[in-house]
Every structure is written in C-alpha cells, then in structure tokens.
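Asker: You'll find run.cif just under this line, and it carries mmCIF, C-alpha atoms.
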data_input
loop_
_atom_site.label_atom_id
_atom_site.label_comp_id
_atom_site.auth_asym_id
_atom_site.auth_seq_id
_atom_site.Cartn_x
_atom_site.Cartn_y
_atom_site.Cartn_z
CA MET A 1 0.00 0.00 0.00
CA ASN A 2 1.23 3.46 -0.91
CA LEU A 3 2.35 5.24 2.24
CA SER A 4 0.36 8.33 1.20
CA MET A 5 -2.82 6.29 1.57
CA ASN A 6 -2.27 5.61 5.26
CA GLY A 7 -5.39 6.70 7.09
CA GLN A 8 -7.18 7.91 3.96
CA TRP A 9 -9.75 5.12 4.27
CA ARG A 10 -11.26 7.16 7.12
CA TRP A 11 -12.84 9.69 4.73
CA PRO A 12 -14.89 7.25 2.62
CA ALA A 13 -15.64 5.38 5.86
CA LEU A 14 -17.03 8.65 7.26
CA ALA A 15 -19.21 8.98 4.15
CA MET A 16 -20.52 5.44 4.76
CA PHE A 17 -21.17 6.33 8.41
CA SER A 18 -23.06 9.44 7.32
CA ALA A 19 -25.17 7.46 4.82
CA GLY A 20 -25.95 4.83 7.45
CA TYR A 21 -26.88 7.57 9.92
CA GLY A 22 -29.19 9.12 7.32
CA ALA A 23 -30.85 5.79 6.60
CA ASN A 24 -31.66 4.95 10.22
CA GLN A 25 -32.33 8.37 11.74
CA PHE A 26 -35.87 7.62 10.56
CA VAL A 27 -36.37 4.60 12.87
CA PRO A 28 -37.52 6.39 16.07
CA LEU A 29 -39.33 9.05 14.05
CA LEU A 30 -41.48 6.35 12.46
CA ALA A 31 -43.15 5.78 15.85
CA LEU A 32 -43.90 9.50 15.98
CA TYR A 33 -45.33 9.55 12.45
CA ARG A 34 -47.56 6.57 13.28
CA HIS A 35 -49.29 8.86 15.77
CA THR A 36 -49.17 12.29 14.08
CA LEU A 37 -50.07 11.07 10.57
CA GLY A 38 -52.27 8.16 11.67
CA LEU A 39 -50.30 5.52 9.77
CA SER A 40 -51.52 1.94 9.84
CA ASP A 41 -49.10 -0.91 10.53
CA ALA A 42 -48.83 -1.77 6.82
CA GLU A 43 -48.43 1.91 5.84
CA ALA A 44 -45.66 2.49 8.39
CA THR A 45 -43.82 -0.61 7.21
CA ALA A 46 -44.25 0.45 3.58
CA VAL A 47 -42.82 3.91 4.28
CA PHE A 48 -39.83 2.28 5.93
CA GLY A 49 -39.46 -0.34 3.19
CA ILE A 50 -39.75 1.92 0.13
CA TYR A 51 -36.15 2.74 0.96
CA ALA A 52 -35.31 -0.60 -0.69
CA VAL A 53 -37.00 0.42 -3.95
CA GLY A 54 -34.43 3.20 -4.36
CA LEU A 55 -31.68 1.18 -2.76
CA ILE A 56 -31.52 -1.70 -5.24
CA PRO A 57 -30.85 0.42 -8.38
CA GLY A 58 -28.49 2.55 -6.31
CA LEU A 59 -26.56 -0.56 -5.31
CA ILE A 60 -26.35 -2.02 -8.80
CA LEU A 61 -25.60 1.18 -10.67
CA GLY A 62 -23.41 2.68 -7.95
CA GLY A 63 -21.00 -0.24 -7.93
CA ARG A 64 -20.64 -0.41 -11.69
CA VAL A 65 -20.47 3.36 -12.18
CA SER A 66 -17.73 3.66 -9.55
CA ASP A 67 -15.82 0.80 -11.24
CA ALA A 68 -16.06 2.74 -14.54
CA LYS A 69 -15.79 6.39 -13.46
CA GLY A 70 -13.79 6.18 -10.24
CA ARG A 71 -14.70 6.09 -6.55
CA ARG A 72 -14.27 9.74 -5.60
CA PRO A 73 -16.62 11.48 -8.09
CA VAL A 74 -19.43 9.02 -7.34
CA MET A 75 -19.01 9.35 -3.57
CA LEU A 76 -18.88 13.15 -3.71
CA ALA A 77 -21.99 13.39 -5.88
CA PHE A 78 -24.15 11.13 -3.77
CA THR A 79 -22.97 12.47 -0.43
CA GLY A 80 -24.27 15.77 -1.78
CA VAL A 81 -27.58 14.18 -2.80
CA SER A 82 -27.97 12.86 0.77
CA LEU A 83 -28.46 16.47 1.88
CA LEU A 84 -31.41 16.76 -0.50
CA ALA A 85 -32.88 13.44 0.69
CA THR A 86 -32.91 14.59 4.31
CA ALA A 87 -34.39 17.96 3.34
CA VAL A 88 -37.25 16.12 1.61
CA LEU A 89 -37.84 14.00 4.73
CA ILE A 90 -38.34 17.18 6.75
CA THR A 91 -41.41 17.90 4.58
CA GLY A 92 -42.93 14.60 5.75
CA GLN A 93 -44.35 16.35 8.80
CA TRP A 94 -47.05 17.75 6.49
CA GLY A 95 -47.98 14.49 4.77
CA VAL A 96 -46.91 10.95 3.97
CA THR A 97 -45.87 11.88 0.41
CA GLY A 98 -42.76 13.63 1.73
CA LEU A 99 -41.85 10.53 3.73
CA TYR A 100 -42.20 8.24 0.72
CA ALA A 101 -40.15 10.58 -1.50
CA GLY A 102 -37.48 11.18 1.12
CA ARG A 103 -37.08 7.49 1.97
CA LEU A 104 -36.93 6.57 -1.73
CA LEU A 105 -34.20 9.13 -2.36
CA THR A 106 -32.36 8.04 0.79
CA GLY A 107 -32.33 4.51 -0.60
CA VAL A 108 -30.72 5.62 -3.86
CA VAL A 109 -28.05 7.51 -1.92
CA SER A 110 -27.39 4.65 0.48
CA GLY A 111 -27.09 2.03 -2.23
CA THR A 112 -24.55 4.06 -4.16
CA VAL A 113 -22.48 5.17 -1.17
CA PHE A 114 -22.42 1.71 0.45
CA THR A 115 -21.10 -0.06 -2.65
CA ALA A 116 -18.66 2.57 -3.89
CA GLY A 117 -17.57 3.31 -0.32
CA THR A 118 -16.96 -0.34 0.58
CA ALA A 119 -14.77 -0.79 -2.50
CA TRP A 120 -12.92 2.50 -1.84
CA VAL A 121 -12.26 1.67 1.82
CA LYS A 122 -10.97 -1.76 0.83
CA GLU A 123 -8.63 -0.33 -1.82
CA LEU A 124 -7.30 2.38 0.52
CA SER A 125 -6.75 -0.25 3.24
CA GLY A 126 -4.52 -2.46 1.08
CA ASP A 127 -4.53 -6.24 1.14
CA GLY A 128 -5.95 -8.31 3.99
CA ALA A 129 -9.09 -8.31 6.11
CA ALA A 130 -8.90 -4.67 7.26
CA GLY A 131 -10.96 -3.26 4.39
CA PRO A 132 -14.14 -5.31 4.86
CA ARG A 133 -13.87 -4.93 8.65
CA ARG A 134 -13.58 -1.15 8.43
CA ALA A 135 -16.42 -0.85 5.90
CA ALA A 136 -18.75 -3.07 7.96
CA LEU A 137 -17.90 -1.14 11.14
CA ALA A 138 -18.51 2.27 9.51
CA LEU A 139 -21.83 1.13 8.08
CA THR A 140 -23.04 -0.50 11.29
CA ALA A 141 -21.91 2.43 13.45
CA GLY A 142 -23.84 4.86 11.25
CA PHE A 143 -26.93 2.67 11.42
CA GLY A 144 -26.66 2.61 15.22
CA VAL A 145 -25.77 6.21 15.98
CA GLY A 146 -28.55 7.60 13.74
CA PRO A 147 -31.47 6.32 15.84
CA LEU A 148 -29.51 6.72 19.08
CA VAL A 149 -29.27 10.47 18.45
CA ALA A 150 -32.60 10.99 16.68
CA GLY A 151 -34.68 9.20 19.31
CA PRO A 152 -33.89 11.42 22.31
CA LEU A 153 -34.07 14.55 20.13
CA ALA A 154 -37.54 13.53 18.91
CA GLN A 155 -38.72 12.73 22.43
CA TRP A 156 -37.30 15.64 24.41
CA GLY A 157 -35.88 18.20 21.98
CA PRO A 158 -37.60 21.18 20.37
CA ALA A 159 -39.02 20.69 16.85
CA PRO A 160 -39.06 16.88 17.13
CA VAL A 161 -39.59 16.25 13.40
CA VAL A 162 -36.98 18.80 12.30
CA LEU A 163 -34.04 18.84 14.74
CA PRO A 164 -33.06 15.14 14.28
CA TYR A 165 -32.72 15.75 10.55
CA VAL A 166 -30.68 18.91 11.06
CA MET A 167 -28.04 16.81 12.80
CA HIS A 168 -27.65 14.71 9.65
CA LEU A 169 -27.47 17.78 7.44
CA VAL A 170 -24.50 18.97 9.52
CA LEU A 171 -22.83 15.54 9.38
CA ALA A 172 -23.29 15.10 5.62
CA GLY A 173 -22.13 18.65 4.93
CA THR A 174 -18.95 18.08 6.96
CA THR A 175 -18.34 14.80 5.14
CA LEU A 176 -18.67 16.53 1.79
CA VAL A 177 -15.92 18.96 2.79
CA VAL A 178 -13.37 16.36 3.95
CA LEU A 179 -14.06 13.58 1.42
CA PRO A 180 -11.78 15.04 -1.32
CA ARG A 181 -8.79 14.34 0.97
CA ALA A 182 -8.94 10.66 -0.02
CA ASP A 183 -7.02 9.69 -3.15
CA GLU A 184 -8.75 8.14 -6.14
CA THR A 185 -7.85 4.43 -6.23
CA LEU A 186 -9.02 3.71 -9.78
CA PRO A 187 -6.93 5.68 -12.29
CA PRO A 188 -8.31 5.55 -15.86
CA GLY A 189 -6.12 2.60 -16.82
CA ARG A 190 -7.67 0.37 -14.12
CA ARG A 191 -11.31 1.21 -14.70
CA LEU A 192 -13.97 -1.11 -16.05
CA ARG A 193 -14.10 -1.36 -19.83
CA PRO A 194 -17.40 -0.26 -21.40
CA ARG A 195 -18.06 -3.71 -22.90
CA GLU A 196 -17.71 -5.70 -19.71
CA PRO A 197 -20.61 -8.17 -19.16
CA LEU A 198 -23.58 -6.98 -17.15
CA LEU A 199 -23.01 -9.58 -14.42
CA PRO A 200 -19.46 -10.04 -13.12
CA ALA A 201 -17.98 -13.51 -13.43
CA ALA A 202 -17.79 -13.95 -9.65
CA VAL A 203 -21.57 -14.26 -9.30
CA PHE A 204 -21.48 -17.54 -11.22
CA SER A 205 -19.01 -19.08 -8.79
CA ASP A 206 -20.01 -21.92 -6.51
CA ARG A 207 -19.29 -19.89 -3.36
CA PHE A 208 -21.47 -16.98 -4.45
CA ARG A 209 -24.43 -19.19 -5.34
CA ARG A 210 -24.24 -21.51 -2.34
CA VAL A 211 -23.24 -19.14 0.47
CA VAL A 212 -23.74 -15.49 -0.51
CA VAL A 213 -27.14 -15.90 -2.19
CA PRO A 214 -28.92 -17.76 0.65
CA LEU A 215 -27.15 -15.78 3.39
CA GLY A 216 -27.70 -12.33 1.90
CA PRO A 217 -31.40 -11.66 2.59
CA TRP A 218 -31.01 -12.46 6.29
CA VAL A 219 -28.39 -9.71 6.79
CA PHE A 220 -31.05 -6.99 6.96
CA GLY A 221 -34.01 -9.36 7.15
CA SER A 222 -32.86 -9.89 10.73
CA VAL A 223 -31.96 -6.52 12.20
CA THR A 224 -34.78 -4.69 10.39
CA LEU A 225 -37.20 -6.53 12.67
CA ALA A 226 -35.67 -4.53 15.54
CA PHE A 227 -36.46 -1.30 13.65
CA THR A 228 -40.07 -2.02 12.71
CA THR A 229 -41.73 -5.10 14.19
CA LEU A 230 -40.38 -4.93 17.73
CA PRO A 231 -41.16 -1.21 18.36
CA GLY A 232 -44.67 -1.66 17.04
CA HIS A 233 -45.62 -4.94 18.70
CA ALA A 234 -43.14 -6.11 21.34
CA THR A 235 -42.25 -3.25 23.69
CA GLY A 236 -45.47 -2.67 25.59
CA SER A 237 -45.63 0.68 27.36
CA THR A 238 -42.36 2.62 27.07
CA GLY A 239 -43.25 5.10 29.83
CA VAL A 240 -41.21 8.28 29.96
CA LEU A 241 -38.88 7.01 27.21
CA GLY A 242 -41.64 7.35 24.62
CA VAL A 243 -40.28 7.40 21.05
CA ALA A 244 -36.72 7.43 22.40
CA PHE A 245 -37.02 3.71 23.17
CA PRO A 246 -37.26 2.57 19.51
CA GLY A 247 -34.05 4.52 18.90
CA LEU A 248 -32.36 2.85 21.85
CA LEU A 249 -33.64 -0.54 20.69
CA ALA A 250 -32.22 -0.04 17.20
CA ALA A 251 -28.94 1.29 18.55
CA GLY A 252 -28.62 -1.69 20.92
CA ALA A 253 -29.20 -4.12 18.05
CA LEU A 254 -26.50 -2.44 16.00
CA VAL A 255 -24.04 -2.30 18.91
CA ALA A 256 -24.53 -6.07 19.15
CA GLY A 257 -23.81 -6.18 15.42
CA VAL A 258 -20.52 -4.33 15.90
CA ILE A 259 -19.48 -6.55 18.81
CA SER A 260 -20.29 -9.75 16.91
CA GLN A 261 -18.30 -8.87 13.79
CA PRO A 262 -14.87 -9.88 15.19
CA LEU A 263 -16.34 -13.30 16.03
CA GLY A 264 -17.65 -13.61 12.49
CA ARG A 265 -14.28 -12.62 11.09
CA ARG A 266 -12.42 -15.18 13.22
CA LEU A 267 -14.88 -17.93 12.29
CA TYR A 268 -14.55 -17.03 8.63
CA GLU A 269 -10.76 -17.01 8.69
CA SER A 270 -10.59 -20.34 10.50
CA GLY A 271 -12.87 -21.95 7.93
CA ALA A 272 -12.20 -19.88 4.83
CA VAL A 273 -10.93 -22.93 2.97
CA HIS A 274 -14.53 -24.17 2.94
CA GLY A 275 -15.98 -20.79 2.00
CA GLY A 276 -16.81 -19.62 5.50
CA THR A 277 -19.58 -22.19 5.96
CA ALA A 278 -19.20 -22.38 9.76
CA ALA A 279 -19.30 -18.59 10.07
CA ALA A 280 -22.40 -18.34 7.88
CA MET A 281 -24.13 -21.08 9.87
CA THR A 282 -23.31 -19.33 13.15
CA GLY A 283 -24.79 -16.06 11.93
CA LEU A 284 -27.93 -17.75 10.65
CA GLY A 285 -28.33 -19.73 13.88
CA ILE A 286 -28.27 -16.52 15.92
CA VAL A 287 -30.79 -14.92 13.54
CA ALA A 288 -33.12 -17.91 14.04
CA ALA A 289 -32.78 -17.55 17.82
CA GLY A 290 -33.52 -13.83 17.50
CA CYS A 291 -36.72 -14.55 15.55
CA LEU A 292 -37.85 -16.95 18.28
CA ALA A 293 -37.06 -14.33 20.93
CA ALA A 294 -39.06 -11.79 18.90
CA ALA A 295 -41.97 -14.24 18.78
CA PHE A 296 -41.84 -14.45 22.58
CA ALA A 297 -41.65 -10.66 22.89
CA THR A 298 -44.69 -10.12 20.67
CA ALA A 299 -46.64 -12.74 22.62
CA TRP A 300 -45.69 -11.20 26.01
CA PRO A 301 -44.71 -7.58 25.21
CA GLY A 302 -42.26 -5.73 27.43
CA MET A 303 -39.11 -3.66 27.08
CA PRO A 304 -36.75 -6.37 28.47
CA ALA A 305 -38.10 -9.06 26.12
CA ALA A 306 -37.88 -6.68 23.16
CA ALA A 307 -34.30 -5.76 24.11
CA VAL A 308 -33.18 -9.41 24.24
CA ALA A 309 -34.71 -10.08 20.82
CA ALA A 310 -33.09 -6.95 19.36
CA LEU A 311 -29.65 -7.90 20.69
CA LEU A 312 -29.87 -11.40 19.18
CA LEU A 313 -31.10 -10.11 15.84
CA GLY A 314 -28.32 -7.51 15.81
CA ALA A 315 -25.62 -10.07 16.63
CA GLY A 316 -26.83 -12.32 13.81
CA TYR A 317 -26.84 -9.35 11.44
CA GLY A 318 -23.25 -8.44 12.31
CA ILE A 319 -21.89 -11.94 11.64
CA CYS A 320 -23.86 -12.37 8.42
CA LEU A 321 -22.69 -8.95 7.16
CA ILE A 322 -18.98 -9.54 7.74
CA VAL A 323 -19.15 -13.08 6.32
CA GLY A 324 -20.87 -11.84 3.16
CA LEU A 325 -18.36 -9.03 2.65
CA ARG A 326 -15.40 -11.39 3.17
CA GLU A 327 -16.88 -13.85 0.69
CA VAL A 328 -17.32 -11.28 -2.07
CA GLU A 329 -13.88 -9.78 -1.46
CA ASP A 330 -12.31 -13.23 -1.83
CA ILE A 331 -14.12 -14.22 -5.02
CA ALA A 332 -14.23 -10.87 -6.90
CA ALA A 333 -11.60 -9.86 -9.42
CA PRO A 334 -10.15 -6.36 -8.73
CA GLY A 335 -11.93 -4.76 -11.68
CA GLU A 336 -15.34 -6.06 -10.62
CA LEU A 337 -15.18 -5.56 -6.86
CA GLY A 338 -17.68 -2.71 -6.81
CA ALA A 339 -20.17 -4.63 -8.94
CA VAL A 340 -19.95 -7.80 -6.81
CA ILE A 341 -20.32 -5.80 -3.58
CA ALA A 342 -23.38 -4.15 -5.14
CA LEU A 343 -24.98 -7.51 -5.85
CA PHE A 344 -24.30 -8.69 -2.30
CA TYR A 345 -25.88 -5.57 -0.82
CA SER A 346 -28.85 -6.02 -3.18
CA LEU A 347 -29.38 -9.49 -1.78
CA ALA A 348 -28.89 -8.19 1.76
CA TYR A 349 -31.43 -5.41 1.38
CA SER A 350 -34.00 -7.69 -0.20
CA GLY A 351 -34.46 -8.73 3.44
CA LEU A 352 -36.30 -5.44 4.05
CA ALA A 353 -39.29 -7.29 2.63
CA VAL A 354 -39.37 -9.55 5.72
CA PRO A 355 -41.10 -7.10 8.13
CA TYR A 356 -43.49 -6.02 5.38
CA LEU A 357 -44.48 -9.64 4.71
CA LEU A 358 -44.94 -10.11 8.44
CA ALA A 359 -47.25 -7.08 8.53
CA LEU A 360 -49.37 -8.67 5.80
CA LEU A 361 -49.35 -12.14 7.38
CA ALA A 362 -49.80 -11.22 11.04
CA PRO A 363 -53.47 -10.10 10.88
CA ASP A 364 -54.36 -13.69 10.00
CA THR A 365 -51.80 -15.61 12.07
CA GLY A 366 -50.64 -13.22 14.79
CA TYR A 367 -47.09 -11.90 15.11
CA PRO A 368 -45.79 -14.70 17.37
CA GLU A 369 -46.79 -17.38 14.87
CA ALA A 370 -45.51 -15.36 11.90
CA LEU A 371 -42.13 -14.91 13.59
CA ILE A 372 -41.93 -18.63 14.35
CA PHE A 373 -42.48 -19.28 10.62
CA THR A 374 -39.67 -16.81 9.93
CA SER A 375 -37.36 -18.70 12.29
CA VAL A 376 -38.15 -21.94 10.44
CA ALA A 377 -37.24 -20.25 7.15
CA VAL A 378 -33.88 -19.18 8.62
CA ILE A 379 -33.21 -22.74 9.83
CA LEU A 380 -33.96 -24.09 6.35
CA THR A 381 -31.47 -21.58 4.93
CA LEU A 382 -28.88 -22.69 7.49
CA THR A 383 -29.45 -26.31 6.45
CA ALA A 384 -28.95 -25.45 2.78
CA VAL A 385 -25.64 -23.68 3.56
CA PHE A 386 -24.52 -26.66 5.66
CA LEU A 387 -25.29 -29.16 2.89
CA ALA A 388 -23.50 -26.96 0.35
CA GLY A 389 -20.45 -26.84 2.63
CA ARG A 390 -20.42 -30.64 3.00
CA SER A 391 -20.63 -30.98 -0.78
CA ARG A 392 -17.62 -28.68 -1.24
CA CYS A 393 -15.67 -30.61 1.40
CA ARG A 394 -16.34 -33.92 -0.36
CA ALA A 395 -15.42 -32.44 -3.72
CA GLY A 396 -12.16 -31.07 -2.28
CA THR A 397 -11.29 -34.41 -0.68
CA GLU A 398 -11.92 -36.30 -3.91
CA THR A 399 -9.79 -33.84 -5.85
CA ASN A 400 -6.90 -34.20 -3.40
CA ASN A 401 -7.10 -38.00 -3.47
CA SER A 402 -7.19 -38.24 -7.25
#
As structure tokens, how would this structure be written, given the file I've shared?
Answerer:
Amino acid sequence: MNLSMNGQWRWPALAMFSAGYGANQFVPLLALYRHTLGLSDAEATAVFGIYAVGLIPGLILGGRVSDAKGRRPVMLAFTGVSLLATAVLITGQWGVTGLYAGRLLTGVVSGTVFTAGTAWVKELSGDGAAGPRRAALALTAGFGVGPLVAGPLAQWGPAPVVLPYVMHLVLAGTTLVVLPRADETLPPGRRLRPREPLLPAAVFSDRFRRVVVPLGPWVFGSVTLAFTTLPGHATGSTGVLGVAFPGLLAAGALVAGVISQPLGRRLYESGAVHGGTAAAMTGLGIVAAGCLAAAFATAWPGMPAAAVAALLLGAGYGICLIVGLREVEDIAAPGELGAVIALFYSLAYSGLAVPYLLALLAPDTGYPEALIFTSVAVILTLTAVFLAGRSRCRAGTETNNS
C-alpha cells in the first residue's frame, strides 16, 4: 500500500457512516409519524421499506459506475444528494408523500455510497481483512448512531420532526468537505471497460451461489425486525422514554452487530478454505434464535423481552454482514469488486421485505406465529448452507485424493 494512503480510508468510511446515519435516523421518528399522521401498521412498514425500492438500483448502478468512473466522483456526488434526501424527509411532517419521497431518495443515496464506499475503503486499506472490517464497522456504526441520536431529540428536543434531521445535514455537509482528501484508487487505466458483461464472473461461482445468495437476505431481514416489528408490537408501554425507546432498541441491536463482527471474522478465517460455511451457519443460527425471541416478545410484550430479541437479531446481522463481505472480497476480481459488492448488498437489502411480509401475514396468524415461521425459514437456509459446505468438502477431498 502506498504510504500516502495511510489513514485515507477514514474519509470514505465517514461517508458510509453518514449514509448509514441518514438511513436509520428515521427509525424512532417512524413511531412518531404513526401517531401524528395516523399511519396503519402496513403503511408504516411500507414507508420504511420503500427505501429498498431506491436502494436496489443505487446498489447495482453505484458499484458499476464507480468501477467505470472512479470512486471519488461518485461518492462526492451522492454524499451531496444525501443532503437533499434529508431535506425532503423534513417535509414529511405535512404528509406521507414527503416521507415516501425522502425514503426513496435516501435509498438511492445509500445504495450508491455503500457499494462505492466499501470498494474504496478496501482499496485504501490495502490487502488483507482490514478493508471489509472497516467498511462493515462504519456502516453498522452509522446505522446505530442515527437512531440513538434521533430518538432522544424527537422525544425531548424542540421541533421533534426537524431537529433530528438537522443533525444529519451537519454531518453530511462536513463529510462533503473532507471527502476530497482521499485519493482516487481507480486511475483511468484500471477502470472497467465499457463492454464488460452486465453480471461479473464472480456471481457464477459456486461460493457466491451456495453461500452469498442464501445468506444475503437475512443480513437486513434480521436486524430490520428490531427497527419495525419490535417497536410496534413487542415493547409494551415505554413510559417516559416514549419514542426514544425505539431509537435505543435499534442502537442496541447495532451495537450487538458491531461486537459480533470480530467473532464472524475469526470464524470465517478459520474456515475460509470451505468458503466460510461455519461462520455463515453461526450467523444464521443466531438470527433464528432472534426470531424466536421476537416471537416471545410479541406474545408477552415488554421492554426487556424486546431488548433481548433486538440484541440477538443484531448479533446475527453483524456476523452475516462480515461473512458476506469477506466472501465477495475473496471471489471478486479487482476490476469487478464494486459490482460484486453491489450484488451482495442487493441481496442483503431484499431482506427489508421480511417485516413487510410479516405485517401482511400477522393479521391472519398473529405476530408470534408469523415470527416462528420466519425462524423456520432461517433454519432451512442454514441447512442449505450446511449441505452446500459438505458438498464442497467432499469435492475437495476427492480432488486431493485423485
């Protein structure tokens, strides 16, 4: 690694932190909008989930555009757009249209910044595991700090549906000023050729299909339950904490995600020869346990039960995230890293559909039963990853013996 790049990964990591903050500052405010705008359960979940509609094209296009045009111009442009997205969200106090538009635009920003930023942090960090670890930490920290700050401001601060957003405007503006300090890592000679195939070769690999694809949706399909389902159905009375508690719940889940990532990294490195199967299974097992804890919390609501479920879901999220990022880093060619990261994040964010599906299913089954079904789905995914790992082990043994 060029000595001049030492420490420069911090600036794109700050941009990822800012984007994560902007994405999740909305979590505690959603409880407030449920009351002030009279949102139904399905409407509130849809407002939260429309973020994914903007996110998926942002992920796919952001990765490829940054591979072709360079990391810095893409990151600068969309960090600037994040200011507009938050300004649009401020108008949501007057009607749900502003919330839909702001969340949609926030999704586009997040998708682009997460993919381009992850690739940029990795390239500025040099070889080894530091890049994925730093990117995952920046993203998770932003997700956690956003609701941790916005919740108390919405509960006890003046202008509860304005001041939390102002904090993000200051953060994103500061990021925009310091981001040019990071060097461009893709000079014109290293950028993606215009006639490269739409899908990078890595997505056809055995490891991508058998580990990344089944694992991906449970990255955010897990922790998102702590942002939407638990605050709405598992906390019971929050007393003086009011709408601050959903923010604390989300922050606690994401702190658990940060703490669990070193475990995921160690498990992955110890079993990387088999594609990180043991690490993926560990993450999925914790997600399944979190879904069962959430089922308990929705059957017998209370803040302690909701907190336990959120911590488990967050820990599972953290392991699944770091395992997925390590997998794509290992299998992607340098010129397609941004595109492969984009596809992984697309799979990960498809999990935002989980709480929405629960909101549709629960009126007929009840939330405890729906969450038990979700846990069964996670266990089936874990089983598929396990069987795929055994198949790879047998194939490797036969190759070595032949």
Asker: Within 12 Å of segment 154-159 of chain A, which residues of segment 18-76 of chain A come that close, and what is the closest atom pair and distance in Å for each? Count all atoms listed in the file and give it as CSV.
Answerer:
residue,atom,partner,partner_atom,distance
A:Gln25,CA,A:Ala154,CA,10.3
A:Phe26,CA,A:Ala154,CA,10.4
A:Val27,CA,A:Ala154,CA,10.8
A:Pro28,CA,A:Ala154,CA,7.7
A:Leu29,CA,A:Ala154,CA,6.8
A:Leu30,CA,A:Ala154,CA,10.4
A:Ala31,CA,A:Ala154,CA,10.0
A:Leu32,CA,A:Ala154,CA,8.1
A:Tyr33,CA,A:Ala154,CA,10.9
Asker: Taking 5 positions as the minimum chain separation for residues in the same chain, which residues sit within 7 Å of segment 149-153 of chain A when counting all atoms listed in the file? Answer as number ranges by chain.
Answerer: A: 25, 28, 160, 163-164, 243-244, 247
Asker: Find the residues near segment 362-378 of chain A: any atom within 7 Å, counting all atoms listed in the file, skip ones fewer than 6 places away on the same chain, and give them as a PyMOL selection string.
Answerer: chain A and resi 284+288+291-292+294-296+298-299
Asker: What does the distance from atom CA of Ala101 of chain A to atom CA of Leu248 of chain A come to in Å, to one decimal?
Answerer: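 According to the coordinates, atom CA of Ala101 of chain A and atom CA of Leu248 of chain A are separated by 25.8 Å.
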Asker: Can you pull out every residue within 8 Å of segment 285-287 of chain A, counting all atoms listed in the file, but drop anything in the same chain fewer than 4 positions away, and send it as a ChimeraX atom specification?
Answerer: /A:218,222,281,291,312-313,315-317,375,378-379,382
Asker: Determine the nearest neighbour of Ser350 of chain A from the options A:Ser82, A:Ala52, A:Ala250, A:Val223, counting all atoms listed in the file.
Answerer: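 Distance minimum relative to Ser350 of chain A lands on A:Ala52.
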Asker: If you count all atoms listed in the file, which residues fall within 8 Å of Pro132 of chain A, apart from same-chain ones fewer than 4 positions away, as a list of chain:residue names?
Answerer: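 Counting only the stated atoms, we get A:Thr118, A:Val121, A:Lys122, A:Ala136, A:Ile322, A:Leu325, A:Arg326, A:Glu329.
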Asker: For Ser346 of chain A, which residue out of A:Ser110, A:Thr45, A:Ser237, A:Thr185 is the nearest one, using all atoms listed in the file?
Answerer: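 Of A:Ser110, A:Thr45, A:Ser237, A:Thr185, the one nearest Ser346 of chain A, counting all atoms listed in the file, is A:Ser110.
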Asker: Would you mind putting N, CA and C atoms back on segment 169-182 of chain A and writing the result as an mmCIF file, in the frame of the given file?
Answerer:
data_model
loop_
_atom_site.group_PDB
_atom_site.id
_atom_site.type_symbol
_atom_site.label_atom_id
_atom_site.label_comp_id
_atom_site.auth_asym_id
_atom_site.auth_seq_id
_atom_site.Cartn_x
_atom_site.Cartn_y
_atom_site.Cartn_z
ATOM 1 N N LEU A 169 -27.903 16.771 8.414
ATOM 2 C CA LEU A 169 -27.470 17.780 7.440
ATOM 3 C C LEU A 169 -26.065 18.299 7.794
ATOM 4 N N VAL A 170 -25.821 18.509 9.080
ATOM 5 C CA VAL A 170 -24.500 18.970 9.520
ATOM 6 C C VAL A 170 -23.450 17.889 9.252
ATOM 7 N N LEU A 171 -23.769 16.636 9.572
ATOM 8 C CA LEU A 171 -22.830 15.540 9.380
ATOM 9 C C LEU A 171 -22.499 15.341 7.899
ATOM 10 N N ALA A 172 -23.522 15.316 7.050
ATOM 11 C CA ALA A 172 -23.290 15.100 5.620
ATOM 12 C C ALA A 172 -22.531 16.279 5.000
ATOM 13 N N GLY A 173 -22.850 17.491 5.440
ATOM 14 C CA GLY A 173 -22.130 18.650 4.930
ATOM 15 C C GLY A 173 -20.650 18.607 5.294
ATOM 16 N N THR A 174 -20.350 18.206 6.529
ATOM 17 C CA THR A 174 -18.950 18.080 6.960
ATOM 18 C C THR A 174 -18.239 16.994 6.147
ATOM 19 N N THR A 175 -18.927 15.886 5.919
ATOM 20 C CA THR A 175 -18.340 14.800 5.140
ATOM 21 C C THR A 175 -18.008 15.259 3.726
ATOM 22 N N LEU A 176 -18.886 16.038 3.150
ATOM 23 C CA LEU A 176 -18.670 16.530 1.790
ATOM 24 C C LEU A 176 -17.416 17.401 1.699
ATOM 25 N N VAL A 177 -17.110 18.098 2.775
ATOM 26 C CA VAL A 177 -15.920 18.960 2.790
ATOM 27 C C VAL A 177 -14.627 18.150 2.882
ATOM 28 N N VAL A 178 -14.622 17.092 3.708
ATOM 29 C CA VAL A 178 -13.370 16.360 3.950
ATOM 30 C C VAL A 178 -13.149 15.206 2.986
ATOM 31 N N LEU A 179 -14.184 14.761 2.280
ATOM 32 C CA LEU A 179 -14.060 13.580 1.420
ATOM 33 C C LEU A 179 -13.004 13.724 0.315
ATOM 34 N N PRO A 180 -12.812 14.921 -0.276
ATOM 35 C CA PRO A 180 -11.780 15.040 -1.320
ATOM 36 C C PRO A 180 -10.357 14.768 -0.835
ATOM 37 N N ARG A 181 -10.134 14.654 0.478
ATOM 38 C CA ARG A 181 -8.790 14.340 0.970
ATOM 39 C C ARG A 181 -8.343 12.926 0.625
ATOM 40 N N ALA A 182 -9.285 12.045 0.319
ATOM 41 C CA ALA A 182 -8.940 10.660 -0.020
ATOM 42 C C ALA A 182 -8.566 10.569 -1.485
#
